[in-house]
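A.B. asks: Input: one structure, supplied below.
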Amino acid sequence: MASKKRSILDHVFVPKARILSKEEVEEVLRKYRVSKENLPKILETDPVVVELGAKKGDVIEFIRNSPVAGKSIYYRVVI
Amino acid sequence: MTLPEYIKEYVAEWAKERGLKKKEIEEFLKFLEEYIRENAVDPWEAIGIVTAQSLGEPATQATLRTFHMAGSAEVSVASGMDRILEIVDGLKKIQTPVMYVYLNPPYNKDEEKAREFARSLEEIIVSDIAVVKEDFVKKTITIVFNKKEIERRGVDIKAVIKKIEGKVKGSFDEKKYVYKIQLPKDMPLMKMRKLAQSLERLQISGLKGIKRALVKKEGDEFIITTSGTNLKAILKKKEVDHTRTYSNNIHEVAEVLGIEAARYLIIEELYKAYMGAKLLVDKRHLALVADAMTARGVITPIGRTGIAGRKGSVLARAAFEETNKHLVEASAWNEVDHLKGIVENLIVGLPIKAGTGRVKLKMKLR
């Protein structure tokens with residue numbers, strides 16, 4: 001275990017995260033009928049964003065483990 | 001509406017136990033789906049109000065009962081209303097900062113090793129094990145070490161002297177345990193004072209900010225609880241399980257692990273605080289609060305400095321708190337209220353845009 005590189009993404013508090021491709025972003029925005037500005041935000045300096053290497057304007061998908069729904073998907077736009 | 005994965009799995013297992021047929025399982029799942037749909041929140045339901053009331057009512061009860069919880073052992077953590085307010089107001093300085101440090105094997109099974117590691121975490125500064133005295137006439141600073149404290153804390157005195165020597169040169173009397181520093185005669189008093197103070201605060205060992213570290217048994221492993229937090233530093237230690245260790249400071253977690261982790265922590269800590277006061281609250285309400293508090297990417301407190309104070313509508317803000325301030329500012333800056341929210345429409349007497357006020361009927365013409 002100790003030989004592996006330590007990443008905050010392994011922490012149990014941090015949900016699985018990935019950067020969405022342009023097509024996926026459009027699909028999400030169409031599905032929920034919102035514009036990018038309406039999405040919840042995440043700072044560019046956020047450790048998860050830094051770790052993923054996301055840039056301003058990217059949309060990040062989080063797959064949370066929810067106690068009621070099992071899994072829930074959440075989107076945040078990098079500002 | 002599709003069923004959550006874990007319910008499907010649960011049903012599959014349950015059906016296997018009872019030996020249900022495929023058709024029966026399908027029928028049952030259909031029934032479940034219908035049941036969930038019936039119990040789901042209606043479209044345009046004002047869930048924010050429901051959450052506010054669901055959290056506010058028990059909080060009122062707790063306040064009436066008693067503001068504090070009496071008597072508790074181990075590291076006493078702020079609980080009850082104090083803690084709830086701390087989280088909801090997004091305070092940066094919390095009453096009892098605590099870290100829960102999980103350990104990697106073999107430290108998590110061996111109490112002695114865990115204890116040793118815990119001791120190495122505690123921050124020790126010079127003033128913990130010695131008294132720093134200044135003589136402004138003779139221009140000397142003497143550090144008188146306390147032998148008992150040094151032995152109790154297991155400090156290596158030679159390492160301490162080395163650390164001090166890295167700052168200023170002096171002579172150490174091994175018999176009396178006294179370190180003497182002769183300063184130049186023309187040194188200004190202010191400079192001397194500052195030097196003495198920096199010597200007092202000189203860190204000898206441990207992690208910055210950690211006052212106490214205690215070993216506790218949780219399940220079949222040993223964990224360390226600390227008072228005082230330093231999450232960033234502790235996650236780098238190889239003895240520490242970096243996937244589970246956390247602190248109860250929301251801002252610290254947001255900084256080290258990100259805003260999503262902070263959201264999770266808000267839910268868990270609020271839940272703990274409510275459960276600690278024996279108040280039952282559904283986690284969905286807490287999730288809504290946490291989502292609202294983290295939607296901006298930074299922790300936003302609820303209340304006039306946070307979410308309520310940043311509403312788009314003047315009337316909504318004025319209706320909450322600081323009425324005069326908001327009305328005066330709005331008139332001075334020529335603000336326009338677009339009457340998009342609930343509160344403003346209530347004030348002007350229009351139907352609110354929520355619940356049945358949001359839907360329109362369409363006649364089916366034949």
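Residue numbers start at 1 in each chain; chains themselves are named A, B, ... in the order of the structure tokens; ligands are numbered from 1 in the order shown.
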Counting only C-alpha atoms, what is within 12 Å of Ile25 (chain B), bar same-chain residues fewer than 2 positions away, as a list in words?

C.D. replies: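 Close residues of Ile25 (chain B): Lys8, Glu9, Tyr10, Val11, Ala12, Glu13, Trp14, Ala15, Lys16, Arg18, Gly19, Leu20, Lys21, Lys22, Lys23, Glu27, Phe28, Leu29, Lys30, Phe31 and Leu32 of chain B.
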
A.B. asks: Could you pull the residues within 10 Å of region 64-67 of chain A, counting only C-alpha atoms, minus those fewer than 6 positions along the same chain, as a list in words?

C.D. replies: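 Surrounding residues, per the criterion: Val12, Phe13, Val14, Pro15, Lys16, Ala17, Ile73 and Tyr74 of chain A; Glu260, Tyr264, Lys283, Arg284 and Ala287 of chain B.
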
A.B. asks: As an NGL selection string, please: all residues of region 56-148 of chain B that backbone DSSP puts in strand (DSSP E).

C.D. replies: :B and (98-101 or 124-125 or 130-135 or 140-145)

A.B. asks: Contacts between chain A and chain B, please, where a residue of chain B counts if it comes within 9 Å (with only C-alpha atoms); show its shortest atom pair and distance in Å to one decimal, rows by chain and ascending number, as a Markdown table.

C.D. replies:
| residue | atom | partner | partner_atom | distance |
| --- | --- | --- | --- | --- |
| B:Leu3 | CA | A:Ala69 | CA | 8.5 |
| B:Pro4 | CA | A:Ala69 | CA | 5.6 |
| B:Glu5 | CA | A:Gly70 | CA | 6.4 |
| B:Tyr6 | CA | A:Gly70 | CA | 5.8 |
| B:Ile7 | CA | A:Gly70 | CA | 8.1 |
| B:Asn104 | CA | A:Met1 | CA | 8.7 |
| B:Leu235 | CA | A:Arg6 | CA | 8.7 |
| B:Lys236 | CA | A:Arg6 | CA | 7.9 |
| B:Lys238 | CA | A:Ala2 | CA | 6.5 |
| B:Glu239 | CA | A:Ala2 | CA | 8.6 |
| B:His242 | CA | A:His11 | CA | 6.6 |
| B:Thr243 | CA | A:His11 | CA | 3.8 |
| B:Arg244 | CA | A:Val12 | CA | 5.9 |
| B:Thr245 | CA | A:His11 | CA | 8.2 |
| B:Tyr246 | CA | A:Phe13 | CA | 8.6 |
| B:Ala254 | CA | A:Asp46 | CA | 7.8 |
| B:Glu255 | CA | A:Asp46 | CA | 7.0 |
| B:Val256 | CA | A:Pro47 | CA | 6.4 |
| B:Leu257 | CA | A:Pro47 | CA | 6.0 |
| B:Gly258 | CA | A:Pro47 | CA | 5.2 |
| B:Ile259 | CA | A:Asp46 | CA | 7.0 |
| B:Glu260 | CA | A:Val14 | CA | 6.2 |
| B:Ala261 | CA | A:Phe13 | CA | 4.7 |
| B:Ala262 | CA | A:Phe13 | CA | 7.9 |
| B:Arg263 | CA | A:Phe13 | CA | 8.8 |
| B:Tyr264 | CA | A:Phe13 | CA | 6.3 |
| B:Leu265 | CA | A:Phe13 | CA | 7.5 |
| B:Lys283 | CA | A:Pro67 | CA | 7.9 |
| B:Arg284 | CA | A:Val68 | CA | 7.7 |
| B:Asp291 | CA | A:Pro40 | CA | 8.7 |
| B:Thr294 | CA | A:Pro40 | CA | 8.0 |
| B:Ala295 | CA | A:Pro40 | CA | 4.7 |
| B:Arg296 | CA | A:Lys41 | CA | 5.0 |
| B:Gly297 | CA | A:Ile42 | CA | 4.0 |
| B:Val298 | CA | A:Leu43 | CA | 7.4 |

A.B. asks: Write a file of the just-selected residues containing N, CA, C and O atoms, as a CSV table (one decimal), in the first residue's frame.

C.D. replies:
chain,number,residue,atom,x,y,z
B,3,LEU,N,-35.6,1.8,-10.5
B,3,LEU,CA,-35.3,1.5,-9.1
B,3,LEU,C,-33.8,1.7,-8.9
B,3,LEU,O,-33.0,1.4,-9.8
B,4,PRO,N,-33.4,2.1,-7.7
B,4,PRO,CA,-31.9,2.2,-7.4
B,4,PRO,C,-31.3,0.8,-7.4
B,4,PRO,O,-32.0,-0.2,-7.1
B,5,GLU,N,-30.0,0.7,-7.8
B,5,GLU,CA,-29.3,-0.5,-8.0
B,5,GLU,C,-29.4,-1.4,-6.7
B,5,GLU,O,-29.7,-2.6,-6.8
B,6,TYR,N,-29.2,-0.8,-5.6
B,6,TYR,CA,-29.1,-1.6,-4.4
B,6,TYR,C,-30.4,-2.2,-3.9
B,6,TYR,O,-30.4,-3.3,-3.3
B,7,ILE,N,-31.5,-1.6,-4.3
B,7,ILE,CA,-32.8,-2.2,-4.0
B,7,ILE,C,-33.0,-3.4,-4.9
B,7,ILE,O,-33.4,-4.5,-4.5
B,104,ASN,N,-2.7,2.4,9.2
B,104,ASN,CA,-2.4,1.3,8.3
B,104,ASN,C,-1.9,0.1,9.2
B,104,ASN,O,-1.4,0.4,10.2
B,235,LEU,N,-2.1,13.3,6.5
B,235,LEU,CA,-2.4,12.4,5.4
B,235,LEU,C,-1.1,12.0,4.7
B,235,LEU,O,-1.1,11.0,4.0
B,236,LYS,N,0.0,12.8,4.9
B,236,LYS,CA,1.2,12.4,4.2
B,236,LYS,C,2.0,11.3,5.0
B,236,LYS,O,2.9,10.8,4.5
B,238,LYS,N,3.2,7.9,6.5
B,238,LYS,CA,3.0,6.6,6.0
B,238,LYS,C,2.2,5.6,6.9
B,238,LYS,O,1.7,4.6,6.5
B,239,GLU,N,2.2,6.0,8.2
B,239,GLU,CA,1.5,5.1,9.1
B,239,GLU,C,0.0,5.3,9.0
B,239,GLU,O,-0.8,4.5,9.5
B,242,HIS,N,-4.7,6.9,4.5
B,242,HIS,CA,-5.1,8.2,3.9
B,242,HIS,C,-6.5,8.1,3.3
B,242,HIS,O,-7.0,9.1,2.8
B,243,THR,N,-7.1,7.0,3.2
B,243,THR,CA,-8.4,6.9,2.6
B,243,THR,C,-9.5,7.1,3.6
B,243,THR,O,-10.7,7.3,3.2
B,244,ARG,N,-9.2,7.0,4.9
B,244,ARG,CA,-10.3,7.2,5.8
B,244,ARG,C,-10.2,8.3,6.9
B,244,ARG,O,-11.1,8.7,7.5
B,245,THR,N,-8.9,8.7,7.1
B,245,THR,CA,-8.7,9.7,8.1
B,245,THR,C,-9.4,11.0,7.7
B,245,THR,O,-9.3,11.5,6.5
B,246,TYR,N,-10.0,11.7,8.7
B,246,TYR,CA,-10.7,12.9,8.4
B,246,TYR,C,-10.7,13.8,9.6
B,246,TYR,O,-10.4,13.4,10.7
B,254,ALA,N,-12.6,20.9,3.0
B,254,ALA,CA,-12.8,21.5,1.7
B,254,ALA,C,-11.5,21.9,1.1
B,254,ALA,O,-11.3,21.7,-0.2
B,255,GLU,N,-10.6,22.3,1.9
B,255,GLU,CA,-9.3,22.7,1.4
B,255,GLU,C,-8.4,21.6,0.9
B,255,GLU,O,-7.7,21.6,-0.1
B,256,VAL,N,-8.4,20.5,1.8
B,256,VAL,CA,-7.5,19.4,1.5
B,256,VAL,C,-8.1,18.3,0.6
B,256,VAL,O,-7.5,17.8,-0.3
B,257,LEU,N,-9.4,18.0,0.8
B,257,LEU,CA,-10.0,17.0,0.0
B,257,LEU,C,-11.0,17.4,-1.0
B,257,LEU,O,-11.6,16.7,-1.8
B,258,GLY,N,-11.3,18.7,-1.0
B,258,GLY,CA,-12.3,19.2,-2.0
B,258,GLY,C,-13.7,19.5,-1.5
B,258,GLY,O,-14.0,19.0,-0.5
B,259,ILE,N,-14.4,20.2,-2.3
B,259,ILE,CA,-15.8,20.6,-1.9
B,259,ILE,C,-16.8,19.5,-1.8
B,259,ILE,O,-17.7,19.5,-1.0
B,260,GLU,N,-16.6,18.4,-2.6
B,260,GLU,CA,-17.5,17.3,-2.6
B,260,GLU,C,-17.3,16.5,-1.2
B,260,GLU,O,-18.3,16.1,-0.6
B,261,ALA,N,-16.1,16.4,-0.8
B,261,ALA,CA,-15.8,15.8,0.5
B,261,ALA,C,-16.4,16.6,1.6
B,261,ALA,O,-17.0,16.1,2.6
B,262,ALA,N,-16.3,17.9,1.5
B,262,ALA,CA,-16.9,18.8,2.5
B,262,ALA,C,-18.4,18.6,2.6
B,262,ALA,O,-19.0,18.6,3.6
B,263,ARG,N,-19.0,18.5,1.4
B,263,ARG,CA,-20.5,18.3,1.4
B,263,ARG,C,-20.8,17.0,2.1
B,263,ARG,O,-21.7,17.0,3.0
B,264,TYR,N,-20.1,16.0,1.9
B,264,TYR,CA,-20.3,14.7,2.6
B,264,TYR,C,-20.1,14.9,4.1
B,264,TYR,O,-20.9,14.4,4.9
B,265,LEU,N,-19.1,15.6,4.5
B,265,LEU,CA,-18.8,15.8,5.9
B,265,LEU,C,-19.9,16.6,6.5
B,265,LEU,O,-20.3,16.3,7.7
B,283,LYS,N,-31.9,12.0,6.2
B,283,LYS,CA,-30.7,12.5,5.6
B,283,LYS,C,-30.9,13.3,4.4
B,283,LYS,O,-30.0,14.0,4.0
B,284,ARG,N,-32.1,13.1,3.7
B,284,ARG,CA,-32.3,13.9,2.5
B,284,ARG,C,-32.4,15.4,2.8
B,284,ARG,O,-32.0,16.2,2.0
B,291,ASP,N,-26.0,20.5,-0.1
B,291,ASP,CA,-25.9,20.9,-1.5
B,291,ASP,C,-26.0,22.4,-1.6
B,291,ASP,O,-25.2,23.0,-2.4
B,294,THR,N,-22.7,24.2,-0.6
B,294,THR,CA,-21.5,23.9,-1.4
B,294,THR,C,-21.7,24.3,-2.9
B,294,THR,O,-20.8,24.1,-3.6
B,295,ALA,N,-22.9,24.7,-3.2
B,295,ALA,CA,-23.2,24.9,-4.7
B,295,ALA,C,-22.3,26.0,-5.3
B,295,ALA,O,-22.1,25.9,-6.5
B,296,ARG,N,-21.8,26.9,-4.5
B,296,ARG,CA,-20.9,27.9,-5.1
B,296,ARG,C,-19.4,27.5,-5.2
B,296,ARG,O,-18.6,28.3,-5.6
B,297,GLY,N,-19.1,26.3,-4.8
B,297,GLY,CA,-17.7,25.9,-4.9
B,297,GLY,C,-17.0,26.2,-3.6
B,297,GLY,O,-15.9,25.6,-3.4
B,298,VAL,N,-17.5,27.1,-2.8
B,298,VAL,CA,-17.0,27.4,-1.5
B,298,VAL,C,-18.1,27.2,-0.4
B,298,VAL,O,-19.2,27.2,-0.8

A.B. asks: CA of Lys5 (chain A) to CA of Leu231 (chain B): how many Å, to one decimal?

C.D. replies: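 Between CA of Lys5 (chain A) and CA of Leu231 (chain B) the gap works out to 17.5 Å.
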
A.B. asks: Please run DSSP on the backbone and report, as number ranges by chain, all residues within chain A that come out as helix (DSSP H, G or I).

C.D. replies: A: 8-10, 22-32, 36-38, 47-52

A.B. asks: Keeping N, CA and C atoms, export the residues of the selection given above as an mmCIF file, in the first residue's frame.

C.D. replies:
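Output file again-v1.cif follows:
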data_model
loop_
_atom_site.group_PDB
_atom_site.id
_atom_site.type_symbol
_atom_site.label_atom_id
_atom_site.label_comp_id
_atom_site.auth_asym_id
_atom_site.auth_seq_id
_atom_site.Cartn_x
_atom_site.Cartn_y
_atom_site.Cartn_z
ATOM 1 N N ILE A 8 -5.717 12.029 -3.101
ATOM 2 C CA ILE A 8 -6.917 12.324 -2.331
ATOM 3 C C ILE A 8 -8.141 11.699 -2.972
ATOM 4 N N LEU A 9 -8.026 11.309 -4.241
ATOM 5 C CA LEU A 9 -9.173 10.691 -4.908
ATOM 6 C C LEU A 9 -9.513 9.335 -4.304
ATOM 7 N N ASP A 10 -8.565 8.749 -3.559
ATOM 8 C CA ASP A 10 -8.821 7.457 -2.916
ATOM 9 C C ASP A 10 -9.635 7.607 -1.640
ATOM 10 N N LYS A 22 -16.934 17.065 -24.466
ATOM 11 C CA LYS A 22 -17.808 18.143 -24.941
ATOM 12 C C LYS A 22 -19.203 17.641 -25.282
ATOM 13 N N GLU A 23 -19.252 16.475 -25.928
ATOM 14 C CA GLU A 23 -20.554 15.928 -26.331
ATOM 15 C C GLU A 23 -21.383 15.595 -25.097
ATOM 16 N N GLU A 24 -20.694 15.006 -24.115
ATOM 17 C CA GLU A 24 -21.405 14.609 -22.898
ATOM 18 C C GLU A 24 -21.958 15.826 -22.172
ATOM 19 N N VAL A 25 -21.164 16.906 -22.158
ATOM 20 C CA VAL A 25 -21.612 18.138 -21.500
ATOM 21 C C VAL A 25 -22.888 18.633 -22.152
ATOM 22 N N GLU A 26 -22.873 18.653 -23.495
ATOM 23 C CA GLU A 26 -24.056 19.130 -24.211
ATOM 24 C C GLU A 26 -25.265 18.285 -23.905
ATOM 25 N N GLU A 27 -25.032 16.975 -23.821
ATOM 26 C CA GLU A 27 -26.133 16.065 -23.534
ATOM 27 C C GLU A 27 -26.719 16.340 -22.149
ATOM 28 N N VAL A 28 -25.836 16.551 -21.186
ATOM 29 C CA VAL A 28 -26.283 16.827 -19.825
ATOM 30 C C VAL A 28 -27.090 18.123 -19.779
ATOM 31 N N LEU A 29 -26.565 19.147 -20.431
ATOM 32 C CA LEU A 29 -27.246 20.442 -20.423
ATOM 33 C C LEU A 29 -28.610 20.338 -21.096
ATOM 34 N N ARG A 30 -28.666 19.551 -22.175
ATOM 35 C CA ARG A 30 -29.942 19.384 -22.870
ATOM 36 C C ARG A 30 -30.920 18.614 -21.983
ATOM 37 N N LYS A 31 -30.408 17.575 -21.331
ATOM 38 C CA LYS A 31 -31.261 16.715 -20.515
ATOM 39 C C LYS A 31 -31.928 17.509 -19.395
ATOM 40 N N TYR A 32 -31.146 18.361 -18.741
ATOM 41 C CA TYR A 32 -31.708 19.103 -17.601
ATOM 42 C C TYR A 32 -32.193 20.485 -17.996
ATOM 43 N N LYS A 36 -24.682 26.280 -18.697
ATOM 44 C CA LYS A 36 -23.536 25.923 -17.857
ATOM 45 C C LYS A 36 -23.495 26.733 -16.563
ATOM 46 N N GLU A 37 -23.906 28.003 -16.654
ATOM 47 C CA GLU A 37 -23.814 28.871 -15.473
ATOM 48 C C GLU A 37 -24.739 28.407 -14.357
ATOM 49 N N ASN A 38 -25.771 27.655 -14.732
ATOM 50 C CA ASN A 38 -26.722 27.214 -13.712
ATOM 51 C C ASN A 38 -26.261 25.993 -12.936
ATOM 52 N N PRO A 47 -8.828 20.684 -4.730
ATOM 53 C CA PRO A 47 -7.865 19.581 -4.869
ATOM 54 C C PRO A 47 -8.276 18.529 -5.893
ATOM 55 N N VAL A 48 -9.576 18.234 -5.952
ATOM 56 C CA VAL A 48 -10.039 17.228 -6.911
ATOM 57 C C VAL A 48 -9.822 17.709 -8.345
ATOM 58 N N VAL A 49 -10.114 18.990 -8.580
ATOM 59 C CA VAL A 49 -9.933 19.566 -9.913
ATOM 60 C C VAL A 49 -8.451 19.549 -10.293
ATOM 61 N N VAL A 50 -7.617 19.904 -9.346
ATOM 62 C CA VAL A 50 -6.172 19.919 -9.586
ATOM 63 C C VAL A 50 -5.691 18.518 -9.934
ATOM 64 N N GLU A 51 -6.175 17.543 -9.158
ATOM 65 C CA GLU A 51 -5.773 16.154 -9.369
ATOM 66 C C GLU A 51 -6.190 15.638 -10.741
ATOM 67 N N LEU A 52 -7.399 16.037 -11.164
ATOM 68 C CA LEU A 52 -7.901 15.585 -12.462
ATOM 69 C C LEU A 52 -7.277 16.370 -13.614
#

A.B. asks: What's the separation between CA of Tyr177 (chain B) and CA of Ile143 (chain B), in Å to one decimal place?

C.D. replies: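 These atoms are spaced 8.5 Å apart.
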
A.B. asks: Which is closest to Ile302 (chain B) among B:Met275, B:Leu183, B:Ile164, B:Val88, if we use only C-alpha atoms?

C.D. replies: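 The shortest atom-to-atom distance to Ile302 (chain B) comes from B:Val88.
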
A.B. asks: Could you check which of B:Ile141, B:Ala62, B:Ile210, B:Ala290 is closest to Thr96 (chain B), using only C-alpha atoms?

C.D. replies: B:Ile210
